[in-house]
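For reference, the structure discussed in these notes is given below.
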Amino acid sequence: MNANYWNDQNSPVMPISAPDFMPLNHLQQLQLYRLQQLVKFTYERVELFRDRCKESGVKPEHIKKLEDISLLPTFTKTDLRNTYPFGLFATPMSEIVRFHASSGTTGKPIVVAYTQNDLRLWSECIQRALAACGLSSGDIIQNAYGYGLFTGGLGLHQGATDLGLTVVPVSGGNTERQIMLMRDFGTTAISCTPSYFLHLIEAAKAQNVDLRELPLRAGIFGAEPWTDEMRRHIEMESDIEAFDIYGLTEICGPGVGIECCKHEGLHIFEDHFYPEILDPDTLEPLPDGEEGELVFTTLTKQAMPMIRYRTRDLSVILPEPCSCGRHIRRIQRIHARTDDMLIIRGINVFPSQIEASLLSVSGAMPHYAIIVSRENNLDKLEVQVEFPREKFSDKISEIEKLRGQIGDAIQRTINLAVTVTLAEPNSLPRSEGKARRVTDLRNK
Ligand code: ADP
Ligand code: ZN
């Protein structure tokens with residue numbers, strides 16, 4: 001056959017982001033169709049799901065409309081631990097091509113699995129995410145998420161490659177080399193945890209490299225909570241645009257949701273990951289606009305489908321359409337998970353509140369640690385904050401003033417007395433992955 005007979009070169013192609021803009025009624029029809037398939041598929045193949053459905057008297061054929069999802073049982077990390085390692089797999093091992101495991105922030109790791117198709121769809125979501133941040137072929141992305149069992153590295157890697165970006169698979173750590181590569185390769189985007197990027201900012205300064213003068217223009221930051229105040233600090237120090245990417249191992253990894261260029265919440269790729277917000281105590285579904293626990297159903301995953309998985313992350317589904325034109329809904333950026341919440345003298349405190357208020361003080365540094373202890377049966381909250389190097393030469397009274405301002409700002413927000421301790425520059429631990437900023441000594 002004549003090789004020129006079929007020339008596809010100039011034919012229109014479907015942009016990768018097309019599903020983001022699907023009309024809402026089409027999206028909902030697709031979601032319902034996928035949900036019904038998923039429930040049948042999982043009911044037949046996963047014993048725990050079948051047993052839970054039987055306990056609550058629900059059968060796959062009861063799912064007639066999207067809202068019927070609330071008839072289905074919910075699942076938690078404990079279910080993954082109890083069925084460790086392979087108990088929730090829905091396909092034979094011969095169809096599974098990859099394992100990942102959670103970093104185990106909150107205990108023993110959990111294992112997840114992917115078929116070829118699962119990997120393809122995960123890549124699709126990452127591509128849609130990176131495209132929403134304005135990245136395309138020609139961009140050089142330095143992927144500083146950890147490679148290995150953690151989903152961040154390989155997940156981002158595949159999607160970025162498939163989108164046609166040039167990937168620098170540097171993984172986390174080796175900070176000096178990161179700066180060198182960034183400069184020598186002309187990296188235009190970086191993906192890592194926001195706390196690691198803070199560390200990179202400092203390391204660049206120490207190497208006399210001004211990030212603001214490099215081609216670096218976008219940061220894809222996630223895997224841990226961070227605040228708008230932290231975003232402002234990062235953007236000012238590095239002159240990049242910082243995007244919030246969200247995901248969790250149980251659902252696939254990074255790429256469940258992403259901020260678009262409007263930075264008003266994170267779009268969820270809800271044709272694959274159906275979001276709900278539930279009251280964490282009663283498990284009643286909450287209407288869009290109300291804060292509660294984020295729960296996901298993986299509409300298209302085969303190897304290890306998750307139905308109504310309780311993330312423990314607190315968020316709100318934003319009902320208003322986004323001005324970027326995407327129809328897929330958004331969630332408010334996640335400021336905390338339910339198991340992050342500290343109860344100090346009966347008052348609920350989220351570490352993000354402390355981060356936001358301390359960074360609202362001009363001159364305060366974003367390196368901090370939160371220590372909760374108990375003295376004479378009373379909870380005590382201490383926040384250690386590094387003071388800026390420039391202040392070294394300042395009068396004691398200047399430093400004391402800063403300390404007082406930080407203490408006042410935190411106290412105003414959380415309504416609790418706090419001891420602020422100023423730490424020397426560079427003395428608090430730096431993170432290469434997820435930051436651990438809270439030490440709770442009360443139960444030790
Ligand atoms: P682990 O649960 O062991 O930490 P994961 O790596 O799967 O393992 O972490 C997923 C969790 O990380 C999410 O449930 C959420 O709490 C947090 N997370 C991920 N991305 C973000 C983000 N952009 N903002 C806030 N928290 C995030
Ligand atoms: Zn948008």
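Identifiers in this document derive from the order of the structure tokens: chains are assigned A, B, ..., residues are numbered from 1 separately in each chain, and ligands are numbered from 1 in order of occurrence.
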Counting only C-alpha atoms and all ligand atoms, which residues in chain A sit no more than 7 Å from ligand 1? For each one, give the nearest pair of atoms and the distance in Å, sorted by chain then residue number, as a tab-separated table.
residue	atom	partner	partner_atom_place_in_ligand_line	distance
A:Ser102	CA	ligand 1	8 (O)	4.4
A:Ser103	CA	ligand 1	3 (O)	4.1
A:Gly104	CA	ligand 1	3 (O)	3.5
A:Thr105	CA	ligand 1	3 (O)	4.0
A:Thr106	CA	ligand 1	3 (O)	5.9
A:Pro109	CA	ligand 1	3 (O)	6.7
A:Phe150	CA	ligand 1	6 (O)	6.6
A:Thr151	CA	ligand 1	6 (O)	6.8
A:Phe221	CA	ligand 1	23 (N)	6.6
A:Gly222	CA	ligand 1	23 (N)	3.8
A:Ala223	CA	ligand 1	19 (C)	3.3
A:Glu224	CA	ligand 1	27 (C)	3.9
A:Pro225	CA	ligand 1	25 (C)	3.3
A:Trp226	CA	ligand 1	24 (N)	6.2
A:Asp244	CA	ligand 1	23 (N)	5.1
A:Ile245	CA	ligand 1	23 (N)	4.6
A:Tyr246	CA	ligand 1	20 (N)	3.8
A:Gly247	CA	ligand 1	20 (N)	4.9
A:Leu248	CA	ligand 1	7 (O)	3.6
A:Thr249	CA	ligand 1	7 (O)	3.7
A:Glu250	CA	ligand 1	7 (O)	6.3
A:Gly253	CA	ligand 1	7 (O)	6.2
A:Thr311	CA	ligand 1	14 (O)	5.4
A:Arg312	CA	ligand 1	14 (O)	6.6
A:Asp313	CA	ligand 1	16 (O)	5.4
A:Arg333	CA	ligand 1	24 (N)	6.3
A:Ile334	CA	ligand 1	25 (C)	4.6
A:His335	CA	ligand 1	25 (C)	6.0
A:Ala336	CA	ligand 1	25 (C)	6.7
A:Arg337	CA	ligand 1	16 (O)	5.5
Within 8 Å of ligand 2, counting only C-alpha atoms and all ligand atoms, residues as a PyMOL selection string = chain A and resi 259-267+321-326+330
What are the closest atom pairs, with distances in Å to one decimal, for each residue of segment 234-309 of chain A lying within 10 Å of segment 69-87 of chain A, using only C-alpha atoms, rows by chain and rising residue number, as a Markdown table?
| residue | atom | partner | partner_atom | distance |
| --- | --- | --- | --- | --- |
| A:Glu250 | CA | A:Lys77 | CA | 8.3 |
| A:Tyr274 | CA | A:Ile69 | CA | 9.8 |
| A:Glu276 | CA | A:Ser70 | CA | 9.2 |
| A:Leu278 | CA | A:Ser70 | CA | 9.7 |
| A:Leu283 | CA | A:Thr74 | CA | 8.6 |
| A:Glu284 | CA | A:Ser70 | CA | 8.2 |
| A:Pro285 | CA | A:Ser70 | CA | 7.2 |
| A:Val295 | CA | A:Thr74 | CA | 8.4 |
| A:Phe296 | CA | A:Thr74 | CA | 9.5 |
| A:Thr297 | CA | A:Ile69 | CA | 9.1 |
| A:Met304 | CA | A:Phe86 | CA | 9.1 |
| A:Met306 | CA | A:Phe75 | CA | 7.9 |
| A:Ile307 | CA | A:Thr74 | CA | 6.8 |
| A:Arg308 | CA | A:Thr74 | CA | 4.8 |
| A:Tyr309 | CA | A:Phe75 | CA | 4.8 |
Keeping only all heavy atoms, write the selected residues to a file as a compact mmCIF listing (two decimals), in the first residue's frame.
# COMPACT_ATOMS: atom_id res chain seq x y z
N GLU A 250 -3.95 4.90 47.73
CA GLU A 250 -5.09 3.99 47.64
C GLU A 250 -5.92 4.25 46.38
O GLU A 250 -6.57 3.35 45.86
CB GLU A 250 -5.99 4.16 48.87
CG GLU A 250 -5.33 3.78 50.19
CD GLU A 250 -4.49 4.92 50.80
OE1 GLU A 250 -4.04 5.83 50.06
OE2 GLU A 250 -4.27 4.87 52.01
N TYR A 274 -14.60 9.45 41.53
CA TYR A 274 -15.84 10.13 41.89
C TYR A 274 -15.75 10.62 43.34
O TYR A 274 -15.57 9.82 44.26
CB TYR A 274 -17.03 9.17 41.71
CG TYR A 274 -18.34 9.86 41.93
CD1 TYR A 274 -18.90 10.66 40.94
CD2 TYR A 274 -19.01 9.75 43.15
CE1 TYR A 274 -20.08 11.33 41.15
CE2 TYR A 274 -20.20 10.42 43.36
CZ TYR A 274 -20.73 11.21 42.37
OH TYR A 274 -21.90 11.87 42.57
N GLU A 276 -16.95 12.40 46.94
CA GLU A 276 -18.09 12.72 47.82
C GLU A 276 -17.51 13.37 49.06
O GLU A 276 -16.36 13.13 49.41
CB GLU A 276 -18.80 11.46 48.30
CG GLU A 276 -19.54 10.65 47.28
CD GLU A 276 -20.04 9.37 47.94
OE1 GLU A 276 -21.17 9.37 48.48
OE2 GLU A 276 -19.31 8.37 47.94
N LEU A 278 -18.40 13.45 53.06
CA LEU A 278 -19.26 12.86 54.08
C LEU A 278 -18.97 13.50 55.44
O LEU A 278 -17.85 13.94 55.70
CB LEU A 278 -19.00 11.35 54.21
CG LEU A 278 -19.15 10.47 52.98
CD1 LEU A 278 -19.05 9.00 53.37
CD2 LEU A 278 -20.46 10.72 52.25
N LEU A 283 -21.20 9.67 58.65
CA LEU A 283 -21.03 9.17 57.28
C LEU A 283 -22.18 9.57 56.35
O LEU A 283 -22.37 8.99 55.29
CB LEU A 283 -20.81 7.65 57.25
CG LEU A 283 -19.55 7.16 57.95
CD1 LEU A 283 -19.34 5.67 57.74
CD2 LEU A 283 -18.32 7.91 57.45
N GLU A 284 -22.95 10.56 56.77
CA GLU A 284 -24.00 11.09 55.90
C GLU A 284 -23.36 11.94 54.80
O GLU A 284 -22.46 12.72 55.10
CB GLU A 284 -24.95 12.00 56.70
CG GLU A 284 -25.98 11.29 57.51
CD GLU A 284 -26.85 10.35 56.68
OE1 GLU A 284 -27.39 10.79 55.66
OE2 GLU A 284 -26.95 9.15 57.07
N PRO A 285 -23.84 11.80 53.54
CA PRO A 285 -23.30 12.67 52.48
C PRO A 285 -23.64 14.13 52.77
O PRO A 285 -24.74 14.44 53.20
CB PRO A 285 -24.04 12.21 51.22
CG PRO A 285 -24.68 10.91 51.56
CD PRO A 285 -24.84 10.86 53.05
N VAL A 295 -14.20 11.46 50.16
CA VAL A 295 -14.33 10.01 49.92
C VAL A 295 -14.31 9.80 48.41
O VAL A 295 -14.95 10.55 47.67
CB VAL A 295 -15.67 9.52 50.54
CG1 VAL A 295 -16.00 8.10 50.12
CG2 VAL A 295 -15.62 9.63 52.06
N PHE A 296 -13.55 8.82 47.95
CA PHE A 296 -13.44 8.60 46.50
C PHE A 296 -13.86 7.20 46.09
O PHE A 296 -13.61 6.23 46.81
CB PHE A 296 -11.99 8.78 46.03
CG PHE A 296 -11.57 10.21 45.92
CD1 PHE A 296 -10.70 10.75 46.84
CD2 PHE A 296 -12.06 11.01 44.90
CE1 PHE A 296 -10.31 12.07 46.75
CE2 PHE A 296 -11.68 12.34 44.79
CZ PHE A 296 -10.81 12.86 45.72
N THR A 297 -14.44 7.13 44.91
CA THR A 297 -14.70 5.85 44.26
C THR A 297 -13.94 5.86 42.93
O THR A 297 -14.11 6.78 42.14
CB THR A 297 -16.21 5.68 44.01
OG1 THR A 297 -16.85 5.68 45.29
CG2 THR A 297 -16.52 4.39 43.28
N MET A 304 -7.28 -2.96 41.57
CA MET A 304 -7.69 -2.78 42.96
C MET A 304 -8.68 -1.63 43.05
O MET A 304 -8.34 -0.52 43.47
CB MET A 304 -6.44 -2.50 43.80
CG MET A 304 -6.69 -2.67 45.26
SD MET A 304 -5.10 -2.62 46.10
CE MET A 304 -5.60 -1.91 47.63
N MET A 306 -11.41 0.86 44.32
CA MET A 306 -11.74 1.35 45.65
C MET A 306 -13.13 1.96 45.58
O MET A 306 -13.39 2.82 44.72
CB MET A 306 -10.77 2.45 46.06
CG MET A 306 -9.49 1.94 46.63
SD MET A 306 -9.83 1.17 48.20
CE MET A 306 -8.68 -0.13 48.13
N ILE A 307 -13.98 1.50 46.46
CA ILE A 307 -15.34 2.03 46.46
C ILE A 307 -15.56 2.78 47.76
O ILE A 307 -15.32 2.27 48.84
CB ILE A 307 -16.36 0.89 46.27
CG1 ILE A 307 -16.18 0.34 44.86
CG2 ILE A 307 -17.79 1.36 46.53
CD1 ILE A 307 -16.99 -0.85 44.52
N ARG A 308 -15.93 4.03 47.63
CA ARG A 308 -16.18 4.90 48.79
C ARG A 308 -15.05 4.80 49.80
O ARG A 308 -15.26 4.50 50.98
CB ARG A 308 -17.53 4.59 49.42
CG ARG A 308 -18.66 4.70 48.41
CD ARG A 308 -20.00 4.73 49.09
NE ARG A 308 -20.40 6.07 49.50
CZ ARG A 308 -21.20 6.32 50.52
NH1 ARG A 308 -21.67 5.35 51.26
NH2 ARG A 308 -21.54 7.56 50.81
N TYR A 309 -13.85 5.07 49.34
CA TYR A 309 -12.69 5.03 50.21
C TYR A 309 -12.57 6.32 51.02
O TYR A 309 -12.52 7.42 50.45
CB TYR A 309 -11.40 4.79 49.40
CG TYR A 309 -10.21 4.71 50.31
CD1 TYR A 309 -10.01 3.58 51.10
CD2 TYR A 309 -9.34 5.78 50.44
CE1 TYR A 309 -8.95 3.51 51.98
CE2 TYR A 309 -8.27 5.72 51.33
CZ TYR A 309 -8.09 4.59 52.09
OH TYR A 309 -7.05 4.52 52.98
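Each of A:Lys40, A:Arg329, A:Lys395, A:Arg232 was checked against Val58 of chain A using only C-alpha atoms; the smallest atom-to-atom distance is that of A:Lys40.
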All strand (DSSP E) residues (DSSP, backbone) inside segment 207-364 of chain A, as JSON, numbers by chain = {"A": [218, 219, 220, 221, 222, 241, 242, 243, 244, 245, 246, 247, 248, 253, 254, 255, 256, 257, 258, 259, 266, 267, 268, 273, 274, 275, 276, 277, 278, 291, 292, 293, 294, 295, 296, 297, 298, 309, 310, 311, 312, 313, 314, 315, 316, 317, 318, 330, 331, 336, 337, 342, 343, 344, 347, 348, 349]}
Which polymer residues have any atom within 9 Å of an atom of Asp239 of chain A, counting only C-alpha atoms, with same-chain residues fewer than 4 positions away left out, as an MDAnalysis selection string?
-> chainID A and resid 211:213 216:218 234:235
Got time to write the residues from that selection, C-alpha atoms, as a CSV table (one decimal), in the first residue's frame?
chain,number,residue,atom,x,y,z
A,211,LEU,CA,16.3,30.6,41.3
A,212,ARG,CA,14.6,33.8,40.0
A,213,GLU,CA,17.1,34.0,37.3
A,216,LEU,CA,12.3,27.5,36.2
A,217,ARG,CA,8.7,28.7,36.0
A,218,ALA,CA,6.4,26.1,37.5
A,234,ILE,CA,7.7,30.1,47.6
A,235,GLU,CA,6.5,32.2,44.6
Return the single residue from A:Asp118, A:Cys252, A:Arg177, A:Leu135 that is closest to Gly152 of chain A, with distances computed using only C-alpha atoms.
-> A:Cys252
Please identify all polymer residues within 10 Å of segment 180-182 of chain A, counting only C-alpha atoms, omitting same-chain residues fewer than 5 positions from it, and present them as JSON, numbers by chain.
-> {"A": [140, 141, 142, 168, 170, 175, 187, 188, 189, 190, 204, 207, 209, 211, 214, 215, 216]}
Close residues, Val420 of chain A itself excluded, 7 Å, only C-alpha atoms, min 4 positions apart in chain, as a PyMOL selection string | chain A and resi 382-384+403+407
Using the selection just defined, write its residues with all heavy atoms as a PDB file, in the first residue's frame.
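As written to disk, selection_8.pdb reads:
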ATOM      1  N   GLU A 382       4.218  24.329  71.900  1.00  0.00           N
ATOM      2  CA  GLU A 382       5.409  25.128  71.587  1.00  0.00           C
ATOM      3  C   GLU A 382       5.598  25.130  70.073  1.00  0.00           C
ATOM      4  O   GLU A 382       5.458  24.088  69.424  1.00  0.00           O
ATOM      5  CB  GLU A 382       6.644  24.500  72.248  1.00  0.00           C
ATOM      6  CG  GLU A 382       7.903  25.274  71.935  1.00  0.00           C
ATOM      7  CD  GLU A 382       9.191  24.564  72.406  1.00  0.00           C
ATOM      8  OE1 GLU A 382       9.103  23.516  73.066  1.00  0.00           O
ATOM      9  OE2 GLU A 382      10.264  25.077  72.062  1.00  0.00           O
ATOM     10  N   VAL A 383       5.886  26.292  69.536  1.00  0.00           N
ATOM     11  CA  VAL A 383       6.201  26.361  68.110  1.00  0.00           C
ATOM     12  C   VAL A 383       7.629  26.880  67.986  1.00  0.00           C
ATOM     13  O   VAL A 383       7.940  27.967  68.484  1.00  0.00           O
ATOM     14  CB  VAL A 383       5.220  27.275  67.353  1.00  0.00           C
ATOM     15  CG1 VAL A 383       5.581  27.347  65.874  1.00  0.00           C
ATOM     16  CG2 VAL A 383       3.786  26.754  67.502  1.00  0.00           C
ATOM     17  N   GLN A 384       8.462  26.068  67.386  1.00  0.00           N
ATOM     18  CA  GLN A 384       9.840  26.505  67.155  1.00  0.00           C
ATOM     19  C   GLN A 384       9.922  27.049  65.738  1.00  0.00           C
ATOM     20  O   GLN A 384       9.464  26.401  64.804  1.00  0.00           O
ATOM     21  CB  GLN A 384      10.799  25.331  67.297  1.00  0.00           C
ATOM     22  CG  GLN A 384      10.714  24.663  68.663  1.00  0.00           C
ATOM     23  CD  GLN A 384      11.639  23.460  68.774  1.00  0.00           C
ATOM     24  OE1 GLN A 384      12.052  22.883  67.783  1.00  0.00           O
ATOM     25  NE2 GLN A 384      11.948  23.083  70.015  1.00  0.00           N
ATOM     26  N   ARG A 403       9.446  37.491  67.706  1.00  0.00           N
ATOM     27  CA  ARG A 403       8.925  36.359  68.459  1.00  0.00           C
ATOM     28  C   ARG A 403       7.512  36.681  68.983  1.00  0.00           C
ATOM     29  O   ARG A 403       6.590  35.885  68.877  1.00  0.00           O
ATOM     30  CB  ARG A 403       9.851  36.066  69.635  1.00  0.00           C
ATOM     31  CG  ARG A 403       9.713  34.685  70.205  1.00  0.00           C
ATOM     32  CD  ARG A 403      10.852  34.430  71.185  1.00  0.00           C
ATOM     33  NE  ARG A 403      10.634  35.145  72.435  1.00  0.00           N
ATOM     34  CZ  ARG A 403       9.958  34.643  73.452  1.00  0.00           C
ATOM     35  NH1 ARG A 403       9.447  33.429  73.367  1.00  0.00           N
ATOM     36  NH2 ARG A 403       9.782  35.335  74.553  1.00  0.00           N
ATOM     37  N   GLY A 407       3.956  34.866  68.043  1.00  0.00           N
ATOM     38  CA  GLY A 407       3.112  34.319  69.111  1.00  0.00           C
ATOM     39  C   GLY A 407       1.705  34.900  69.050  1.00  0.00           C
ATOM     40  O   GLY A 407       0.708  34.170  69.104  1.00  0.00           O
TER      41      GLY A 407
END
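Taking only C-alpha atoms into account, Leu119 of chain A lies nearest to A:Gly255 out of the set A:Gly255, A:Pro366, A:Pro23, A:Pro169.
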